[in-house]
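Text of final00.cif, listed as mmCIF, C-alpha atoms:
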data_model
loop_
_atom_site.label_atom_id
_atom_site.label_comp_id
_atom_site.auth_asym_id
_atom_site.auth_seq_id
_atom_site.Cartn_x
_atom_site.Cartn_y
_atom_site.Cartn_z
CA MET I 1 -14.44 6.69 3.28
CA VAL I 2 -11.20 8.69 3.10
CA LYS I 3 -9.35 10.40 5.88
CA TYR I 4 -7.25 13.40 4.86
CA PHE I 5 -4.19 14.66 6.66
CA LEU I 6 -2.28 17.88 6.11
CA GLY I 7 0.79 18.91 8.04
CA LEU I 8 3.75 21.22 7.93
CA SER I 9 7.02 20.40 9.71
CA VAL I 10 10.35 22.09 10.04
CA LEU I 11 13.83 20.62 10.25
CA LYS I 12 16.49 22.96 11.59
CA SER I 13 18.98 21.92 8.95
CA SER I 14 19.70 23.22 5.50
CA TRP I 15 17.96 21.81 2.45
CA ASP I 16 21.05 20.03 1.10
CA GLN I 17 21.74 18.33 4.43
CA VAL I 18 18.13 17.18 4.57
CA PHE I 19 18.25 15.86 1.02
CA VAL I 20 21.44 13.92 1.75
CA ALA I 21 19.89 12.58 4.95
CA PHE I 22 16.79 11.54 3.02
CA TRP I 23 18.78 8.77 1.36
CA GLN I 24 20.54 7.70 4.53
CA ARG I 25 17.75 7.76 7.06
CA TYR I 26 17.35 3.98 7.35
CA PRO I 27 18.07 2.37 9.71
CA ASN I 28 17.49 4.64 12.70
CA PRO I 29 16.19 4.00 16.24
CA TYR I 30 12.67 4.94 15.12
CA SER I 31 12.53 2.75 12.08
CA LYS I 32 12.45 -0.73 13.63
CA HIS I 33 9.33 -1.44 11.58
CA VAL I 34 11.22 -0.90 8.32
CA LEU I 35 12.74 -4.23 7.33
CA THR I 36 14.28 -3.64 3.91
CA GLU I 37 15.09 -0.77 1.60
CA ASP I 38 15.97 -0.91 -2.09
CA ILE I 39 16.32 1.52 -4.96
CA LEU I 40 14.49 0.04 -7.92
CA PHE I 41 14.98 2.81 -10.39
CA ARG I 42 17.06 5.95 -10.65
CA GLU I 43 17.79 8.41 -13.40
CA VAL I 44 18.95 11.97 -13.93
CA THR I 45 16.55 13.71 -16.29
CA PRO I 46 17.65 16.01 -19.14
CA ASP I 47 16.67 18.97 -16.97
CA ASN I 48 18.96 17.70 -14.21
CA ARG I 49 16.43 16.35 -11.75
CA LEU I 50 17.00 13.04 -9.99
CA ILE I 51 14.05 10.67 -10.11
CA SER I 52 14.13 7.54 -7.99
CA ARG I 53 11.87 4.74 -6.89
CA ARG I 54 12.48 3.17 -3.51
CA LEU I 55 10.89 -0.06 -2.29
CA LEU I 56 10.42 -0.58 1.42
CA THR I 57 9.24 -3.60 3.35
CA LYS I 58 7.53 -2.70 6.58
CA THR I 59 6.05 -4.87 9.31
CA ASN I 60 2.27 -5.00 9.10
CA ARG I 61 1.32 -3.74 12.53
CA ALA I 62 -2.42 -4.07 12.86
CA PRO I 63 -4.20 -3.63 16.22
CA ARG I 64 -5.57 -6.78 17.79
CA TRP I 65 -9.21 -5.82 17.39
CA THR I 66 -8.85 -6.01 13.60
CA GLU I 67 -7.78 -9.64 13.72
CA LYS I 68 -11.27 -11.05 13.47
CA TYR I 69 -11.93 -9.02 10.31
CA LEU I 70 -8.75 -9.94 8.54
CA PRO I 71 -7.76 -13.31 7.11
CA SER I 72 -5.55 -15.24 9.48
CA ASN I 73 -2.95 -15.89 6.83
CA MET I 74 -2.51 -12.21 5.96
CA ALA I 75 1.07 -11.35 5.18
CA ARG I 76 3.07 -9.97 8.08
CA SER I 77 5.00 -7.48 5.98
CA ALA I 78 3.73 -4.78 3.70
CA TYR I 79 5.36 -3.37 0.58
CA VAL I 80 5.56 0.36 0.13
CA ILE I 81 6.80 2.33 -2.85
CA GLU I 82 8.22 5.83 -2.61
CA ASP I 83 8.76 7.80 -5.81
CA SER I 84 10.79 10.98 -5.55
CA ILE I 85 12.13 13.89 -7.54
CA VAL I 86 15.10 15.90 -6.33
CA ASP I 87 15.47 19.27 -8.04
CA PRO I 88 18.68 21.00 -7.02
CA GLN I 89 17.76 24.06 -9.09
CA SER I 90 14.60 24.81 -7.17
CA ARG I 91 15.98 23.14 -4.01
CA THR I 92 12.91 20.93 -3.67
CA LEU I 93 12.37 17.27 -3.04
CA THR I 94 8.95 15.89 -3.92
CA THR I 95 7.84 12.44 -2.84
CA PHE I 96 4.83 10.24 -3.31
CA THR I 97 4.53 7.13 -1.20
CA TRP I 98 1.90 4.40 -1.18
CA ASN I 99 1.43 0.76 -0.24
CA ILE I 100 1.28 -1.82 -3.01
CA SER I 101 0.21 -4.65 -0.74
CA HIS I 102 -2.76 -4.92 1.64
CA ALA I 103 -4.37 -2.06 -0.29
CA ARG I 104 -7.72 -3.79 -0.28
CA TYR I 105 -7.83 -3.43 3.51
CA MET I 106 -6.22 -0.04 3.80
CA ALA I 107 -4.63 2.30 1.31
CA VAL I 108 -2.33 5.00 2.59
CA GLU I 109 -0.93 7.58 0.20
CA GLU I 110 1.39 10.37 1.17
CA SER I 111 2.60 13.34 -0.80
CA CYS I 112 5.46 15.50 0.50
CA VAL I 113 7.27 18.55 -0.68
CA TYR I 114 10.55 19.43 1.03
CA GLY I 115 11.88 22.91 0.46
CA VAL I 116 13.73 25.86 1.93
CA ASN I 117 11.86 27.33 4.88
CA PRO I 118 10.65 30.77 3.77
CA ASP I 119 11.20 32.29 7.23
CA ASN I 120 14.69 30.96 7.72
CA ASN I 121 16.61 29.82 4.70
CA SER I 122 19.00 27.69 6.73
CA TRP I 123 16.04 25.51 7.66
CA THR I 124 13.90 23.09 5.68
CA GLU I 125 10.16 22.77 5.73
CA ILE I 126 8.10 19.72 4.77
CA LYS I 127 4.55 20.01 3.57
CA ARG I 128 2.88 16.64 4.02
CA GLU I 129 -0.50 15.40 2.84
CA ALA I 130 -1.93 11.96 3.27
CA TRP I 131 -5.02 10.10 2.22
CA ILE I 132 -6.06 7.07 4.21
CA SER I 133 -8.89 4.92 3.02
CA SER I 134 -10.26 1.57 4.00
CA ASN I 135 -12.77 -0.56 2.24
CA LEU I 136 -13.12 -2.65 5.35
CA PHE I 137 -16.26 -1.18 6.85
CA GLY I 138 -18.32 -1.56 3.70
CA LEU I 139 -17.10 -5.11 3.27
CA SER I 140 -17.86 -6.20 6.78
CA ARG I 141 -21.39 -4.82 6.49
CA ALA I 142 -21.90 -6.90 3.38
CA LEU I 143 -20.48 -9.98 5.07
CA GLN I 144 -22.85 -9.52 7.95
CA GLU I 145 -25.86 -9.27 5.62
CA PHE I 146 -24.79 -12.41 3.78
CA GLY I 147 -24.15 -14.30 6.99
CA LEU I 148 -27.54 -13.37 8.42
CA ALA I 149 -29.41 -14.27 5.24
CA ARG I 150 -27.64 -17.61 5.01
CA PHE I 151 -28.47 -18.35 8.62
CA LYS I 152 -32.14 -17.50 8.05
CA SER I 153 -32.37 -19.79 5.03
CA SER I 154 -30.68 -22.57 7.02
CA VAL I 155 -33.33 -22.24 9.74
CA THR I 156 -36.11 -22.45 7.14
CA LYS I 157 -34.59 -25.62 5.67
CA THR I 158 -34.27 -27.14 9.13
CA MET I 159 -37.94 -26.54 9.95
CA LYS I 160 -39.15 -27.86 6.62
CA GLY I 161 -36.98 -30.92 7.11
CA PHE I 162 -38.58 -31.60 10.52
CA GLU I 163 -42.09 -31.20 9.14
CA PHE I 164 -41.30 -33.62 6.32
CA ILE I 165 -39.86 -36.28 8.60
CA LEU I 166 -42.62 -35.91 11.20
CA ALA I 167 -45.26 -36.25 8.52
CA LYS I 168 -43.49 -39.35 7.27
CA MET I 169 -43.37 -40.87 10.77
CA GLN I 170 -47.03 -40.14 11.40
CA GLY I 171 -48.45 -40.93 8.02
CA GLY I 172 -46.14 -43.60 6.69
CA THR I 173 -44.52 -42.96 3.27
CA PRO I 174 -44.72 -39.24 2.43
CA SER I 175 -47.33 -38.53 -0.21
CA ARG I 176 -46.37 -36.90 -3.47
CA THR I 177 -48.03 -33.73 -2.25
CA LEU I 178 -45.70 -33.61 0.73
CA ALA I 179 -42.66 -34.29 -1.44
CA GLU I 180 -43.74 -31.58 -3.88
CA THR I 181 -44.30 -29.21 -0.99
CA ALA I 182 -40.82 -30.02 0.26
CA LYS I 183 -39.33 -29.31 -3.19
CA GLU I 184 -41.23 -26.04 -3.41
CA ALA I 185 -39.91 -25.04 -0.04
CA THR I 186 -36.32 -25.88 -1.06
CA ASP I 187 -36.72 -23.82 -4.23
CA LYS I 188 -38.07 -20.90 -2.25
CA VAL I 189 -35.16 -21.15 0.16
CA LYS I 190 -32.72 -21.17 -2.76
CA GLU I 191 -34.39 -18.05 -4.20
CA THR I 192 -34.10 -16.26 -0.87
CA ALA I 193 -30.45 -17.22 -0.59
CA VAL I 194 -29.71 -15.97 -4.11
CA ALA I 195 -31.50 -12.70 -3.37
CA ALA I 196 -29.52 -12.31 -0.18
CA THR I 197 -26.23 -13.02 -1.94
CA GLU I 198 -27.11 -10.42 -4.57
CA LYS I 199 -27.90 -7.90 -1.87
CA ALA I 200 -24.62 -8.57 -0.10
CA LYS I 201 -22.66 -8.29 -3.35
CA ASP I 202 -24.42 -5.05 -4.07
CA LEU I 203 -23.54 -3.63 -0.69
CA ALA I 204 -19.93 -4.65 -1.15
CA SER I 205 -19.69 -3.08 -4.57
CA GLN I 206 -21.39 0.10 -3.36
CA ALA I 207 -18.77 0.34 -0.68
CA GLN I 208 -16.10 -0.19 -3.33
CA LYS I 209 -17.58 2.48 -5.62
CA LYS I 210 -17.69 5.00 -2.78
CA GLN I 211 -14.01 4.50 -2.25
CA GLN I 212 -13.09 4.87 -5.93
CA TYR I 213 -15.17 8.02 -6.22
CA VAL I 214 -12.89 9.94 -3.90
CA MET Q 1 19.84 -1.41 5.84
CA ASN Q 2 19.08 -4.78 4.32
CA SER Q 3 17.96 -5.38 0.80
CA VAL Q 4 14.76 -7.31 0.13
CA GLY Q 5 17.02 -9.80 -1.64
CA GLU Q 6 19.07 -11.38 1.11
CA GLY Q 7 22.06 -11.85 -1.16
CA CYS Q 8 21.95 -8.31 -2.51
CA THR Q 9 22.75 -6.37 0.65
CA GLU Q 10 26.48 -6.17 -0.05
CA LEU Q 11 25.92 -4.93 -3.62
CA LYS Q 12 23.39 -2.45 -2.27
CA ARG Q 13 25.87 -1.12 0.30
CA GLU Q 14 28.56 -0.60 -2.33
CA TYR Q 15 26.15 1.21 -4.59
CA ASP Q 16 24.75 3.34 -1.75
CA GLN Q 17 28.23 4.48 -0.76
CA CYS Q 18 29.02 5.55 -4.32
CA PHE Q 19 25.66 7.25 -4.74
CA ASN Q 20 25.70 9.15 -1.45
CA ARG Q 21 29.12 10.59 -2.22
CA TRP Q 22 28.15 11.66 -5.72
CA PHE Q 23 24.80 13.02 -4.57
CA ALA Q 24 26.27 15.30 -1.85
CA GLU Q 25 29.48 16.35 -3.60
CA LYS Q 26 28.39 16.63 -7.22
CA PHE Q 27 24.70 16.47 -7.92
CA LEU Q 28 23.44 18.89 -5.25
CA LYS Q 29 26.23 21.33 -6.06
CA GLY Q 30 25.07 21.60 -9.65
CA ASP Q 31 27.87 19.52 -11.12
CA ARG Q 32 26.39 17.84 -14.18
CA SER Q 33 29.37 15.66 -14.99
CA GLY Q 34 27.32 12.48 -14.81
CA ASP Q 35 26.71 9.48 -12.61
CA PRO Q 36 29.87 7.47 -11.78
CA CYS Q 37 27.90 4.68 -10.11
CA ILE Q 38 26.19 3.21 -13.16
CA GLU Q 39 28.09 -0.10 -13.20
CA MET Q 40 27.53 -0.69 -9.51
CA PHE Q 41 23.88 0.14 -9.93
CA LYS Q 42 23.54 -2.39 -12.75
CA ASN Q 43 25.01 -5.18 -10.62
CA TYR Q 44 22.83 -4.30 -7.67
CA GLN Q 45 19.73 -4.09 -9.89
CA GLN Q 46 20.26 -7.48 -11.48
CA CYS Q 47 20.30 -8.99 -8.02
CA VAL Q 48 17.35 -7.10 -6.61
CA GLN Q 49 15.05 -7.45 -9.65
CA LYS Q 50 15.52 -11.21 -9.46
CA ALA Q 51 14.65 -11.21 -5.75
CA ILE Q 52 11.52 -9.19 -6.52
CA LYS Q 53 10.40 -11.71 -9.14
CA ASP Q 54 11.11 -14.62 -6.80
CA LYS Q 55 9.09 -13.04 -4.04
CA ASP Q 56 6.28 -11.98 -6.36
CA ILE Q 57 6.40 -8.38 -5.24
CA PRO Q 58 3.76 -6.55 -7.30
CA ILE Q 59 5.80 -3.72 -8.77
CA GLU Q 60 4.99 -4.44 -12.41
CA GLY Q 61 3.39 -1.67 -14.42
CA VAL Q 62 3.29 0.81 -11.57
CA GLU Q 63 3.55 4.25 -13.16
CA PHE Q 64 5.98 6.76 -11.67
CA MET Q 65 4.04 8.65 -9.01
CA GLY Q 66 1.07 6.71 -10.38
CA PRO Q 67 -1.70 7.21 -7.81
CA ASN Q 68 -0.74 10.87 -7.44
CA LYS Q 69 -2.42 11.65 -10.74
CA GLU Q 70 -5.83 11.07 -9.16
CA LYS Q 71 -5.29 13.40 -6.26
CA PRO Q 72 -7.26 16.68 -6.15
CA GLY Q 73 -4.96 19.65 -6.72
CA SER Q 74 -2.87 20.11 -3.61
#

Can the structure from this file be put into structure tokens for me?
Amino acid sequence: MVKYFLGLSVLKSSWDQVFVAFWQRYPNPYSKHVLTEDILFREVTPDNRLISRRLLTKTNRAPRWTEKYLPSNMARSAYVIEDSIVDPQSRTLTTFTWNISHARYMAVEESCVYGVNPDNNSWTEIKREAWISSNLFGLSRALQEFGLARFKSSVTKTMKGFEFILAKMQGGTPSRTLAETAKEATDKVKETAVAATEKAKDLASQAQKKQQYV
Amino acid sequence: MNSVGEGCTELKREYDQCFNRWFAEKFLKGDRSGDPCIEMFKNYQQCVQKAIKDKDIPIEGVEFMGPNKEKPGS
């Protein structure tokens, strides 16, 4: 399940001002969720392009309704990597940004190209694409199936246990037949539980495959 | 802006200042005379790479623009 986003924005500043600002935009009043910023790698290529890797730490702001689906000890901050190429010859800045933590719950990838606005060359346009995917829905379906199957097998065990004890109370020591019946029942319950676990695993991996496919 | 390594913020600031000046005044203007901030970058990197290891931040083996390779032609 992938959500796709495509957008075009304009900044009324020249490309070189925007590129300079790109490296100085943190902190700003709108970036309170960005906690740290570091350049991990930087190099000028033989064809005079600047490639950089920036690491950001951002607060993990998840809405409250997700809390019951997510582990309670989930990290509060998320790590994001932004790779970029500045090409002063073509006056373009290309970025690719994605999260390297929490990706199992949600993966967000963004690709941007900054360049001179074709209608007004003292402005800069940004073409932005993003892909947002979450494995969460597939996983929670699988968890539900597993939980229900486990509950059902627990109920069966409970009933069999009652029957065994009642028979014992009414007939004295349980006969071998009863004991064998009880063992058979336990085996059957185990089989059902294994089948249910397999089904749940299958659902979970189907959900995973769907995500990888796109 | 703070560095992810608490003790690296000062080194980061020094490097950033050097870089921003070179970037605006030389690099974007087509001046290919080379990066004057290499030493400062090295010092800053030593600090930050250690912080990354200590905090177990999973940056190992991540290819440049890695996931972008899988994207349908945009």

Checklist entry - Can you list, as an MDAnalysis selection string, the residues that the PyMOL selection byres ((chain I) within 7 of (chain Q)) selects here? => result chainID I and resid 16 20 26:27 36:38 40 83 88 96 100

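Note that CA of Gly7 (chain I) and CA of Ile132 (chain I) are 14.2 Å apart.
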
Next on the checklist: With only C-alpha atoms as the counted atoms, please give the residues lying no more than 12 Å from Ala75 (chain I), apart from itself and same-chain residues fewer than 4 positions off, as a ChimeraX atom specification.
Outcome noted: /I:57-62,70-71,79,101-102

With 6 Å of padding per side, what axis-aligned box (centre and edge lengths, Å, one decimal) covers all the listed atoms of region 89-104 of chain I? Give it as lines of an AutoDock Vina configuration file.
center_x = 5.0
center_y = 9.9
center_z = -3.7
size_x = 37.5
size_y = 41.7
size_z = 22.7

Next on the checklist: Applying the PyMOL selection byres ((chain I and resi 133) around 8) to the file I just gave you, which residues come out? Please list them as a list in words.
Outcome noted: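 Residues picked by the PyMOL selection byres ((chain I and resi 133) around 8): Met1, Val2, Lys3, Met106, Ala107, Val108, Trp131, Ile132, Ser134, Asn135 and Gln211 of chain I.
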
Next on the checklist: One decimal, in Å: what's the spacing between CA of Trp22 (chain Q) and CA of Asp47 (chain I)?
Outcome noted: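 Going from CA of Trp22 (chain Q) over to CA of Asp47 (chain I), I get 17.7 Å.
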
Item to check | Between CA of Asp54 (chain Q) and CA of Val34 (chain I), distance in Å (one decimal) | outcome: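 Distance between the two atoms: 20.4 Å.
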
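You can rank I:His33, I:Lys12, I:Arg42, I:Arg25 by their closest distance to Lys42 (chain Q) using only C-alpha atoms, and at the top of that list sits I:Arg42.
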
Next on the checklist: I need every residue sitting at most 10 Å from the point (14.4, 21.0, -6.4) (coordinates as in the file, only C-alpha atoms considered), written as a PyMOL selection string.
Outcome noted: (chain I and resi 15+19+48-50+85-94+113-116) or (chain Q and resi 28)

Checklist entry - Applied to this file, what does the PyMOL selection byres ((chain I and resi 127) around 9) return in terms of residues, put as a PyMOL selection string? => result chain I and resi 6-10+111-115+125-126+128-129
